[in-house]
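**Q** Below you'll find query30.csv; it's CSV, C-alpha atoms and all ligand atoms.
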```csv
chain,number,residue,atom,x,y,z
A,14,MET,CA,43.8,83.9,6.8
A,15,GLY,CA,43.0,80.2,6.6
A,16,ILE,CA,40.4,77.8,7.8
A,17,ASN,CA,40.3,74.9,10.1
A,18,ILE,CA,38.0,71.9,9.4
A,19,LEU,CA,36.5,71.2,12.9
A,20,GLY,CA,34.4,68.3,11.9
A,21,ILE,CA,33.5,66.3,8.8
A,22,GLY,CA,30.8,63.7,8.1
A,23,SER,CA,29.3,61.7,5.3
A,24,TYR,CA,26.2,59.7,4.3
A,25,VAL,CA,25.8,57.3,1.4
A,26,PRO,CA,22.6,55.4,0.5
A,27,GLU,CA,22.5,51.7,1.4
A,28,GLN,CA,21.6,50.5,-2.1
A,29,LYS,CA,24.6,49.5,-4.1
A,30,LEU,CA,24.7,49.4,-7.9
A,31,THR,CA,27.5,47.2,-9.2
A,32,ASN,CA,28.8,47.2,-12.8
A,33,ASP,CA,27.1,43.9,-13.4
A,34,ASP,CA,23.7,45.4,-12.3
A,35,PHE,CA,23.9,47.6,-15.4
A,36,LYS,CA,23.8,44.5,-17.7
A,37,LYS,CA,20.1,44.2,-16.9
A,38,PHE,CA,19.3,47.3,-18.9
A,39,ILE,CA,22.2,48.3,-21.1
A,40,ASP,CA,24.8,46.6,-23.3
A,41,THR,CA,27.8,46.9,-21.0
A,42,ASN,CA,30.1,44.8,-18.9
A,43,ASP,CA,32.2,45.1,-15.8
A,44,GLU,CA,35.5,44.9,-17.7
A,45,TRP,CA,34.7,47.9,-19.9
A,46,ILE,CA,33.5,50.1,-17.0
A,47,ARG,CA,36.5,49.2,-14.8
A,48,THR,CA,39.2,49.7,-17.4
A,49,ARG,CA,37.7,52.9,-18.8
A,50,THR,CA,36.8,54.5,-15.5
A,51,GLY,CA,38.1,52.6,-12.5
A,52,ILE,CA,34.6,52.4,-11.1
A,53,THR,CA,33.3,49.1,-9.6
A,54,GLU,CA,30.2,50.1,-7.8
A,55,ARG,CA,28.2,53.2,-6.7
A,56,ARG,CA,25.4,54.0,-4.3
A,57,MET,CA,21.8,54.9,-5.3
A,58,ALA,CA,19.3,56.9,-3.3
A,59,GLY,CA,16.0,55.2,-3.4
A,60,TRP,CA,13.8,56.8,-0.7
A,61,GLU,CA,16.3,59.3,0.5
A,62,PRO,CA,15.8,62.9,-0.7
A,63,ALA,CA,19.1,64.8,-1.3
A,64,TRP,CA,18.4,67.1,1.6
A,65,TYR,CA,18.0,64.1,3.9
A,66,MET,CA,21.4,62.6,2.9
A,67,GLY,CA,22.9,66.1,3.5
A,68,LYS,CA,21.3,66.4,6.9
A,69,GLN,CA,22.8,63.0,8.0
A,70,ALA,CA,26.3,64.1,6.9
A,71,ALA,CA,25.8,67.5,8.6
A,72,LEU,CA,24.8,65.9,11.9
A,73,GLU,CA,27.9,63.8,11.9
A,74,ALA,CA,30.1,66.8,11.1
A,75,ILE,CA,28.5,68.9,13.8
A,76,GLY,CA,28.8,66.1,16.3
A,77,GLN,CA,32.5,65.7,15.6
A,78,SER,CA,32.9,69.5,15.9
A,79,GLY,CA,31.5,69.6,19.5
A,80,ILE,CA,29.5,72.7,18.7
A,81,ASN,CA,25.8,73.4,19.0
A,82,PRO,CA,23.9,73.8,15.8
A,83,ASP,CA,22.7,77.3,16.9
A,84,GLU,CA,26.4,78.5,16.9
A,85,ILE,CA,26.5,78.0,13.1
A,86,GLY,CA,26.3,81.4,11.4
A,87,LEU,CA,26.1,80.3,7.8
A,88,ILE,CA,25.1,77.2,5.9
A,89,ILE,CA,26.2,76.7,2.3
A,90,CYS,CA,24.8,73.7,0.4
A,91,THR,CA,26.1,72.5,-2.9
A,92,SER,CA,24.1,70.4,-5.3
A,93,VAL,CA,23.2,69.9,-8.9
A,94,THR,CA,20.4,67.6,-7.9
A,95,SER,CA,18.4,69.6,-5.4
A,96,ASP,CA,15.0,68.2,-4.5
A,97,PHE,CA,13.4,71.7,-5.0
A,98,LEU,CA,14.1,74.7,-7.2
A,99,THR,CA,13.0,76.7,-4.1
A,100,PRO,CA,13.5,76.7,-1.1
A,101,SER,CA,17.2,76.1,-1.1
A,102,MET,CA,18.5,72.8,0.3
A,103,SER,CA,20.4,74.8,2.9
A,104,CYS,CA,17.1,76.3,4.4
A,105,ILE,CA,15.6,72.8,4.6
A,106,ILE,CA,18.8,71.5,6.4
A,107,GLN,CA,18.9,74.6,8.6
A,108,ASN,CA,15.5,73.7,10.0
A,109,GLU,CA,16.2,70.0,10.2
A,110,ILE,CA,19.3,70.4,12.3
A,111,GLY,CA,18.1,73.4,14.4
A,112,ALA,CA,20.7,75.8,13.2
A,113,LYS,CA,18.3,78.7,13.8
A,114,ASN,CA,21.0,81.4,13.6
A,115,ALA,CA,22.4,80.5,10.3
A,116,ALA,CA,22.0,82.5,7.1
A,117,SER,CA,21.5,79.8,4.4
A,118,PHE,CA,22.0,79.6,0.7
A,119,ASP,CA,22.9,77.1,-2.1
A,120,LEU,CA,25.7,77.3,-4.4
A,121,ASN,CA,25.9,75.5,-7.8
A,122,ALA,CA,29.4,75.1,-9.3
A,123,ALA,CA,28.6,71.5,-10.2
A,124,CYS,CA,31.4,69.0,-9.3
A,125,SER,CA,33.6,71.9,-8.2
A,126,GLY,CA,30.9,72.9,-5.7
A,127,PHE,CA,32.7,71.9,-2.5
A,128,VAL,CA,35.9,73.8,-3.5
A,129,TYR,CA,33.8,76.9,-4.4
A,130,ALA,CA,31.8,76.6,-1.1
A,131,LEU,CA,34.9,76.1,1.1
A,132,ASP,CA,36.5,79.2,-0.5
A,133,THR,CA,33.3,81.2,-0.1
A,134,ALA,CA,33.2,80.2,3.6
A,135,SER,CA,36.8,81.3,4.1
A,136,ARG,CA,35.9,84.7,2.6
A,137,PHE,CA,32.8,85.1,4.9
A,138,LEU,CA,34.9,84.2,7.9
A,139,ASP,CA,37.6,86.6,6.8
A,140,THR,CA,35.3,89.6,6.6
A,141,ASP,CA,32.7,89.0,9.4
A,142,PRO,CA,34.3,88.7,12.9
A,143,SER,CA,30.8,87.9,14.4
A,144,LEU,CA,30.7,84.6,12.3
A,145,LYS,CA,32.3,81.7,14.1
A,146,TYR,CA,31.3,78.5,12.3
A,147,VAL,CA,30.2,77.8,8.7
A,148,LEU,CA,28.6,74.5,7.7
A,149,ILE,CA,29.1,73.3,4.2
A,150,VAL,CA,27.0,70.4,2.9
A,151,ALA,CA,27.4,68.7,-0.5
A,152,SER,CA,24.6,66.3,-1.4
A,153,GLU,CA,23.8,64.7,-4.7
A,154,ALA,CA,21.1,62.3,-5.9
A,155,LEU,CA,22.4,62.0,-9.5
A,156,SER,CA,20.6,58.8,-10.2
A,157,ARG,CA,17.4,60.8,-10.5
A,158,PHE,CA,18.8,62.8,-13.4
A,159,LEU,CA,20.6,60.1,-15.3
A,160,ASP,CA,19.4,58.6,-18.6
A,161,PHE,CA,19.8,54.9,-17.8
A,162,GLU,CA,19.7,54.2,-21.6
A,163,ASP,CA,22.9,56.2,-22.2
A,164,ARG,CA,25.6,53.7,-21.5
A,165,THR,CA,28.5,56.1,-21.7
A,166,THR,CA,27.1,58.4,-19.0
A,167,CYS,CA,24.9,56.5,-16.6
A,168,ILE,CA,27.7,54.2,-15.4
A,169,LEU,CA,29.8,57.1,-14.2
A,170,PHE,CA,27.7,58.6,-11.4
A,171,GLY,CA,26.6,57.7,-7.9
A,172,ASP,CA,24.7,59.3,-5.0
A,173,GLY,CA,26.0,60.5,-1.6
A,174,ALA,CA,26.6,63.4,0.7
A,175,ALA,CA,29.4,64.9,2.8
A,176,ALA,CA,29.6,67.9,5.1
A,177,ALA,CA,32.2,69.9,7.0
A,178,VAL,CA,32.1,72.5,9.8
A,179,VAL,CA,34.8,75.1,9.4
A,180,GLU,CA,36.2,78.0,11.5
A,181,ARG,CA,38.8,80.7,10.8
A,182,SER,CA,42.4,79.9,11.6
A,183,ASP,CA,45.9,81.2,10.7
A,184,LYS,CA,46.9,77.9,9.0
A,185,MET,CA,48.3,77.9,5.5
A,186,TYR,CA,45.6,78.6,2.8
A,187,SER,CA,45.3,79.4,-0.8
A,188,SER,CA,42.6,79.0,-3.4
A,189,TYR,CA,41.9,79.4,-7.1
A,190,LEU,CA,38.5,79.3,-8.7
A,191,ALA,CA,37.8,79.4,-12.4
A,192,ALA,CA,35.3,78.7,-15.1
A,193,ASP,CA,35.1,78.3,-18.8
A,194,GLY,CA,31.4,78.8,-19.8
A,195,SER,CA,32.3,78.1,-23.5
A,196,GLY,CA,32.1,74.4,-22.5
A,197,ALA,CA,28.7,74.7,-20.9
A,198,SER,CA,26.9,72.6,-23.5
A,199,SER,CA,29.4,69.7,-23.1
A,200,LEU,CA,27.7,68.6,-19.7
A,201,TYR,CA,24.3,69.7,-18.8
A,202,ALA,CA,20.8,68.8,-17.5
A,203,ARG,CA,17.9,71.1,-18.2
A,204,SER,CA,15.4,72.1,-15.5
A,205,LEU,CA,11.9,70.9,-16.0
A,206,SER,CA,10.5,74.4,-16.7
A,207,VAL,CA,7.8,74.5,-19.3
A,208,ALA,CA,6.3,77.7,-20.8
A,209,PRO,CA,2.5,78.0,-20.3
A,210,GLU,CA,0.3,77.5,-23.3
A,211,ILE,CA,-0.5,81.2,-23.4
A,212,ALA,CA,3.2,82.2,-23.7
A,213,VAL,CA,4.4,83.4,-27.1
A,214,GLU,CA,6.1,80.5,-29.0
A,215,LYS,CA,9.1,81.1,-31.2
A,216,GLU,CA,11.9,78.9,-32.5
A,217,PHE,CA,14.9,79.6,-30.4
A,218,ASP,CA,18.2,77.7,-30.5
A,219,ASP,CA,19.9,78.1,-27.1
A,220,GLY,CA,22.9,76.0,-28.2
A,221,PHE,CA,21.9,73.1,-26.1
A,222,GLU,CA,20.6,69.9,-27.7
A,223,VAL,CA,16.9,69.3,-27.1
A,224,LYS,CA,15.9,65.7,-26.3
A,225,ASP,CA,12.7,64.1,-25.2
A,226,ASN,CA,14.1,63.2,-21.8
A,227,MET,CA,15.2,66.8,-21.4
A,228,HIS,CA,16.0,67.0,-17.7
A,229,ARG,CA,18.5,64.0,-18.0
A,230,LEU,CA,22.2,64.6,-17.8
A,231,ILE,CA,23.7,64.9,-21.3
A,232,GLN,CA,27.5,64.7,-21.7
A,233,ASP,CA,30.1,64.9,-24.4
A,234,GLY,CA,32.5,62.6,-22.6
A,235,LYS,CA,35.6,63.2,-24.7
A,236,THR,CA,35.4,67.0,-24.5
A,237,VAL,CA,34.9,66.8,-20.7
A,238,TYR,CA,37.9,64.4,-20.5
A,239,LYS,CA,40.2,66.7,-22.4
A,240,PHE,CA,39.1,69.7,-20.2
A,241,ALA,CA,39.6,67.7,-17.0
A,242,VAL,CA,43.1,66.5,-17.5
A,243,ASN,CA,44.3,70.1,-17.9
A,244,ALA,CA,41.9,71.7,-15.3
A,245,LEU,CA,43.0,69.5,-12.4
A,246,PRO,CA,46.8,70.3,-12.6
A,247,ALA,CA,45.9,74.0,-13.4
A,248,ALA,CA,43.7,74.2,-10.3
A,249,PHE,CA,46.6,73.1,-8.1
A,250,GLU,CA,49.3,75.1,-9.8
A,251,GLN,CA,47.4,78.4,-9.8
A,252,ALA,CA,46.5,78.1,-6.1
A,253,ALA,CA,50.1,77.0,-5.2
A,254,ALA,CA,51.7,79.9,-7.1
A,255,LYS,CA,49.8,82.4,-5.0
A,256,ILE,CA,51.5,81.3,-1.8
A,257,GLY,CA,54.7,79.9,-3.2
A,258,VAL,CA,54.3,76.3,-2.3
A,259,SER,CA,55.1,73.3,-4.5
A,260,LYS,CA,53.6,69.9,-5.2
A,261,ASP,CA,56.4,68.4,-3.0
A,262,ASP,CA,55.0,70.3,0.0
A,263,MET,CA,51.7,68.5,-0.2
A,264,ASP,CA,51.0,65.3,1.8
A,265,PHE,CA,47.8,64.4,-0.2
A,266,PHE,CA,45.8,65.5,-3.2
A,267,ILE,CA,42.0,65.0,-3.0
A,268,PRO,CA,40.8,65.2,-6.6
A,269,HIS,CA,37.3,65.2,-8.0
A,270,GLN,CA,36.4,61.5,-8.4
A,271,ALA,CA,35.3,61.2,-12.0
A,272,ASN,CA,37.6,58.8,-13.7
A,273,MET,CA,40.8,57.0,-12.6
A,274,ARG,CA,42.4,57.7,-16.0
A,275,ILE,CA,41.8,61.5,-15.5
A,276,ILE,CA,43.4,61.3,-12.0
A,277,GLU,CA,46.3,59.3,-13.3
A,278,THR,CA,46.9,61.8,-16.2
A,279,ALA,CA,46.7,64.7,-13.8
A,280,ALA,CA,49.1,63.1,-11.4
A,281,LYS,CA,51.6,62.5,-14.3
A,282,LYS,CA,51.2,66.1,-15.5
A,283,LEU,CA,51.9,67.4,-12.0
A,284,GLY,CA,54.8,65.0,-11.5
A,285,VAL,CA,53.2,63.6,-8.3
A,286,PRO,CA,53.2,59.8,-7.5
A,287,ILE,CA,49.7,58.4,-7.8
A,288,ASP,CA,49.7,57.1,-4.2
A,289,LYS,CA,49.6,60.8,-3.1
A,290,PHE,CA,46.1,60.9,-4.6
A,291,VAL,CA,43.1,59.9,-2.5
A,292,VAL,CA,40.8,57.7,-4.6
A,293,THR,CA,37.2,56.6,-3.7
A,294,LEU,CA,35.7,56.5,-7.1
A,295,ASP,CA,36.0,52.7,-7.3
A,296,HIS,CA,33.2,52.3,-4.7
A,297,TYR,CA,31.3,55.6,-5.0
A,298,GLY,CA,31.6,56.6,-8.7
A,299,ASN,CA,31.3,60.3,-9.4
A,300,THR,CA,29.1,61.9,-6.8
A,301,SER,CA,29.5,65.4,-8.3
A,302,SER,CA,30.0,68.1,-5.5
A,303,ALA,CA,30.0,65.4,-2.8
A,304,SER,CA,32.9,63.6,-4.3
A,305,ILE,CA,35.8,65.6,-2.8
A,306,PRO,CA,34.4,65.9,0.7
A,307,LEU,CA,33.4,62.2,0.6
A,308,ALA,CA,37.0,61.2,-0.3
A,309,LEU,CA,38.4,63.6,2.3
A,310,CYS,CA,36.1,62.2,5.0
A,311,GLU,CA,37.0,58.6,4.2
A,312,ALA,CA,40.8,59.5,4.1
A,313,ILE,CA,40.5,61.1,7.6
A,314,ARG,CA,38.4,58.2,8.9
A,315,ASN,CA,40.9,55.6,7.8
A,316,GLY,CA,43.9,57.6,9.1
A,317,THR,CA,45.4,58.4,5.7
A,318,VAL,CA,44.9,62.2,6.2
A,319,LYS,CA,45.9,63.4,9.7
A,320,LYS,CA,45.8,66.7,11.5
A,321,GLY,CA,48.7,69.0,10.4
A,322,MET,CA,49.0,67.5,6.9
A,323,LYS,CA,49.0,69.7,3.9
A,324,ILE,CA,46.3,68.8,1.4
A,325,ALA,CA,45.1,70.0,-2.0
A,326,LEU,CA,41.5,69.7,-3.0
A,327,ILE,CA,41.2,70.0,-6.8
A,328,GLY,CA,37.9,69.8,-8.7
A,329,PHE,CA,36.3,70.3,-12.1
A,330,GLY,CA,32.8,69.9,-13.4
A,331,ALA,CA,29.9,71.2,-15.5
A,332,GLY,CA,30.0,74.8,-16.3
A,333,LEU,CA,32.7,74.1,-17.1
A,334,THR,CA,34.1,75.0,-13.7
A,335,TYR,CA,37.4,74.1,-11.9
A,336,GLY,CA,39.2,75.2,-8.8
A,337,GLY,CA,41.7,74.2,-6.1
A,338,ILE,CA,42.2,74.8,-2.4
A,339,ILE,CA,45.5,74.2,-0.6
A,340,MET,CA,45.2,74.0,3.1
A,341,GLU,CA,46.4,72.3,6.3
A,342,TYR,CA,44.1,69.7,7.8
B,1,LIG,N1,29.9,49.6,-21.9
B,1,LIG,C1,30.5,49.1,-23.0
B,1,LIG,N2,30.8,49.9,-24.1
B,1,LIG,C2,30.6,51.2,-24.0
B,1,LIG,C3,30.1,51.8,-22.9
B,1,LIG,C4,29.7,51.0,-21.8
B,1,LIG,N3,29.2,51.5,-20.6
B,1,LIG,N4,30.0,53.1,-23.1
B,1,LIG,C5,30.5,53.4,-24.3
B,1,LIG,N5,30.9,52.2,-24.8
B,1,LIG,C6,31.5,52.0,-26.2
B,1,LIG,C7,31.1,53.1,-27.1
B,1,LIG,O1,29.9,52.9,-27.7
B,1,LIG,C8,32.3,53.0,-28.1
B,1,LIG,O2,32.0,51.9,-29.0
B,1,LIG,P1,32.4,52.1,-30.6
B,1,LIG,O3,33.9,52.3,-30.6
B,1,LIG,O4,31.9,50.8,-31.1
B,1,LIG,O5,31.6,53.3,-31.0
B,1,LIG,C9,33.5,52.6,-27.2
B,1,LIG,O6,32.9,52.1,-26.0
B,1,LIG,C10,34.3,53.8,-26.9
B,1,LIG,O7,33.5,54.8,-26.4
B,1,LIG,P2,34.2,56.2,-26.1
B,1,LIG,O8,33.1,57.2,-25.8
B,1,LIG,O9,35.2,56.6,-27.1
B,1,LIG,O10,34.9,55.8,-24.7
B,1,LIG,P3,36.0,56.7,-23.9
B,1,LIG,O11,37.2,55.9,-23.8
B,1,LIG,O12,36.0,58.1,-24.4
B,1,LIG,O13,35.3,56.7,-22.5
B,1,LIG,C11,34.1,58.1,-20.9
B,1,LIG,C12,34.0,57.3,-22.3
B,1,LIG,C13,32.7,58.7,-20.7
B,1,LIG,C14,34.4,57.1,-19.8
B,1,LIG,C15,35.2,59.1,-21.0
B,1,LIG,O14,35.1,59.9,-22.2
B,1,LIG,C16,35.2,60.0,-19.8
B,1,LIG,O15,35.5,59.6,-18.7
B,1,LIG,N6,35.0,61.3,-20.0
B,1,LIG,C17,34.9,62.3,-18.9
B,1,LIG,C18,33.6,62.2,-18.2
B,1,LIG,C19,33.6,62.9,-16.9
B,1,LIG,O16,34.6,62.9,-16.2
B,1,LIG,N7,32.5,63.4,-16.5
B,1,LIG,C20,32.2,64.0,-15.3
B,1,LIG,C21,32.6,65.4,-15.3
B,1,LIG,S1,32.3,66.1,-13.7
```
Starting from the coordinates I provided, produce the structure as structure tokens.

**A**
Amino acid sequence: MGINILGIGSYVPEQKLTNDDFKKFIDTNDEWIRTRTGITERRMAGWEPAWYMGKQAALEAIGQSGINPDEIGLIICTSVTSDFLTPSMSCIIQNEIGAKNAASFDLNAACSGFVYALDTASRFLDTDPSLKYVLIVASEALSRFLDFEDRTTCILFGDGAAAAVVERSDKMYSSYLAADGSGASSLYARSLSVAPEIAVEKEFDDGFEVKDNMHRLIQDGKTVYKFAVNALPAAFEQAAAKIGVSKDDMDFFIPHQANMRIIETAAKKLGVPIDKFVVTLDHYGNTSSASIPLALCEAIRNGTVKKGMKIALIGFGAGLTYGGIIMEY
């Protein structure tokens, strides 16, 4: 069983942050950022909560689908930058869009979140005949969790949201989800939880570095880079092997948008020409779980990806997680 994307939508904040803007507070320059990452600018959420960006993307996806919000049976939101620990972002969006019949939960697989959520949706649709439509919303306000004094990390990320309405179909479909928790401490941000004064204190090394700005994103860029250049090809190859398709059957690859050099290396390892890879990181940076659906949405909007085309969504991220979906748009 496969899935059909009925509608897709996106939202990015109005405020742009160019590479030159970073020169105001860190020692960097446009040339370094462009040549090392491929990023020129990214968006930054000022007043917009992450749930609000997700809601706007969801409304566009629902509008394009031609369904009523009350026909949605399940909402899955993905985010590493939720506005609240609880309630879930999906419950807030459920109320905001009037999807009163939708069960709602959040899923955190970091930048692989959309791939994980789409596959979760396909499994719900496969096992529950009463479920017609699933809404997936990926929304990230990473700028609120960045250390703007850490020049190797803060220049990489941007804010934005994208959403898709999916239904079951008999189109081609395969997926592969994976994780390697041994790399968890190479990319992380702590929650802001603090033990009360009456709690028993004891030295405890949890394996994650403790810094003053403890909820900011901390990254070992080189370790993540090495993981990513193998994870992206593996995500495709493992999903492809399950249904006996090859790279040559694919019209487009929509990879996680982290770094152009990672995408180029993955393309080379797969033996796929780079022009078969959709790239939006130059103007959005890395928007974590929103990056794959944002790229897909843009490729559909500008006519690159058309109905009937075979596409591969391949992602990696903190966790460390990775995964791929092969499907027909
Ligand atoms: N501007 C100018 N110079 C910078 C800089 C910046 N923004 N950031 C780092 N540098 C400097 C470093 O201080 C270092 O200087 P030194 O040689 O004098 O010590 C030099 O540039 C090289 O730094 P390095 O960290 O070796 O660069 P790199 O080529 O490994 O690139 C990343 C760094 C972060 C771009 C790269 O490792 C990467 O993309 N990793 C993967 C990150 C990722 O994908 N994360 C998302 C996962 S979902």

**Q** Could I get the residue neighbourhood of ligand LIG 1 (chain B) at 8 Å, counting only C-alpha atoms and all ligand atoms, as number ranges by chain?

**A** A: 39-43, 45-46, 49-50, 123-124, 163-169, 200, 232-239, 241, 269, 271-272, 274-275, 299, 301, 329-331

**Q** Need to verify the contact set: A:Pro306, 9 Å, all atoms listed in the file, exclusion of same-chain residues closer than 2 positions in sequence. Can you return it as a PyMOL selection string?

**A** chain A and resi 21-23+127+150-151+174-177+267+302-304+308-311+326

**Q** Expressed in Å to a single decimal, how great is the separation between atom CA of A:Lys37 and atom CA of A:Val25?

**A** 23.2 Å

**Q** Contacts between stretch 110-113 of chain A and stretch 16-70 of chain A, please, where a residue of stretch 16-70 of chain A counts if it comes within 12 Å (with only C-alpha atoms); show its shortest atom pair and distance in Å to one decimal, rows by chain and ascending number, as JSON lines.

**A**
```
{"residue": "A:Trp64", "atom": "CA", "partner": "A:Ile110", "partner_atom": "CA", "distance": 11.2}
{"residue": "A:Tyr65", "atom": "CA", "partner": "A:Ile110", "partner_atom": "CA", "distance": 10.6}
{"residue": "A:Gly67", "atom": "CA", "partner": "A:Ile110", "partner_atom": "CA", "distance": 10.4}
{"residue": "A:Lys68", "atom": "CA", "partner": "A:Ile110", "partner_atom": "CA", "distance": 7.0}
{"residue": "A:Gln69", "atom": "CA", "partner": "A:Ile110", "partner_atom": "CA", "distance": 9.2}
{"residue": "A:Ala70", "atom": "CA", "partner": "A:Ile110", "partner_atom": "CA", "distance": 10.9}
```

**Q** How would the residues just picked look written out with C-alpha atoms as a compact mmCIF listing (two decimals), in the coordinates of the input?

**A**
```txt
# COMPACT_ATOMS: atom_id res chain seq x y z
CA TRP A 64 18.40 67.10 1.60
CA TYR A 65 18.00 64.10 3.90
CA GLY A 67 22.90 66.10 3.50
CA LYS A 68 21.30 66.40 6.90
CA GLN A 69 22.80 63.00 8.00
CA ALA A 70 26.30 64.10 6.90
```

**Q** Here is a test: counting all atoms listed in the file, which residue of A:Gly220, A:Pro209, A:Pro100, A:Gly332 is nearest to A:Ala197?

**A** A:Gly332

**Q** Find the distance between atom CA of A:Phe266 and atom CA of A:Gly20 and write it in Å to one decimal.

**A** 19.1 Å

**Q** Do you know which residues are at most 9 Å from A:Lys323 counting only C-alpha atoms, after dropping those on the same chain fewer than 3 positions away, and could you put them as a VMD selection string?

**A** chain A and resid 185 262 to 266 318 320 339 to 342

**Q** Please report the interatomic distance between atom CA of A:Tyr201 and atom CA of A:Glu222 in Å with one decimal.

**A**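 Going from atom CA of A:Tyr201 over to atom CA of A:Glu222, I get 9.6 Å.
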
**Q** Find the residue from A:Gln270, A:Tyr297, A:Leu307, A:Leu205 that sits nearest to A:Thr31; use all atoms listed in the file when measuring.

**A**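 Using all atoms listed in the file, A:Thr31 sits closest to A:Tyr297.
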
**Q** Could you name the residues that touch stretch 84-89 of chain A at 6 Å or less, counting all atoms listed in the file, but leaving out those on the same chain fewer than 4 positions away, as a PyMOL selection string?

**A** chain A and resi 114-119+144+146-149

**Q** Which residues, protein or nucleic acid, reach to within 9 Å of (35.5, 82.5, -7.3) in the file's coordinates when using all atoms listed in the file, and can you give that as a VMD selection string?

**A** chain A and resid 129 132 to 133 188 to 192 336

**Q** Just want the 8 Å neighbourhood of A:Glu54, counted on all atoms listed in the file, with same-chain residues fewer than 3 positions away dropped. Output as an MDAnalysis selection string.

**A** chainID A and resid 29:32 295:298

**Q** I need the residue nearest A:Pro26 from this list: A:Ser198, A:Ala122, A:Ile106, A:Ser156. Use only C-alpha atoms for the distance.

**A**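 Of all the options, A:Ser156 lies closest to A:Pro26.
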
**Q** Which is closer to A:Thr334 than all the others in A:Ser204, A:Ser125, A:Thr99, A:Ser152, using all atoms listed in the file?

**A**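 Closest to A:Thr334, using all atoms listed in the file: A:Ser125.
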
**Q** From (50.7, 58.7, -6.7), in the file's coordinates, out to 12 Å: which residues are reached, counting only C-alpha atoms? Answer as a ChimeraX atom specification.

**A** /A:260-261,263-268,273,276-292
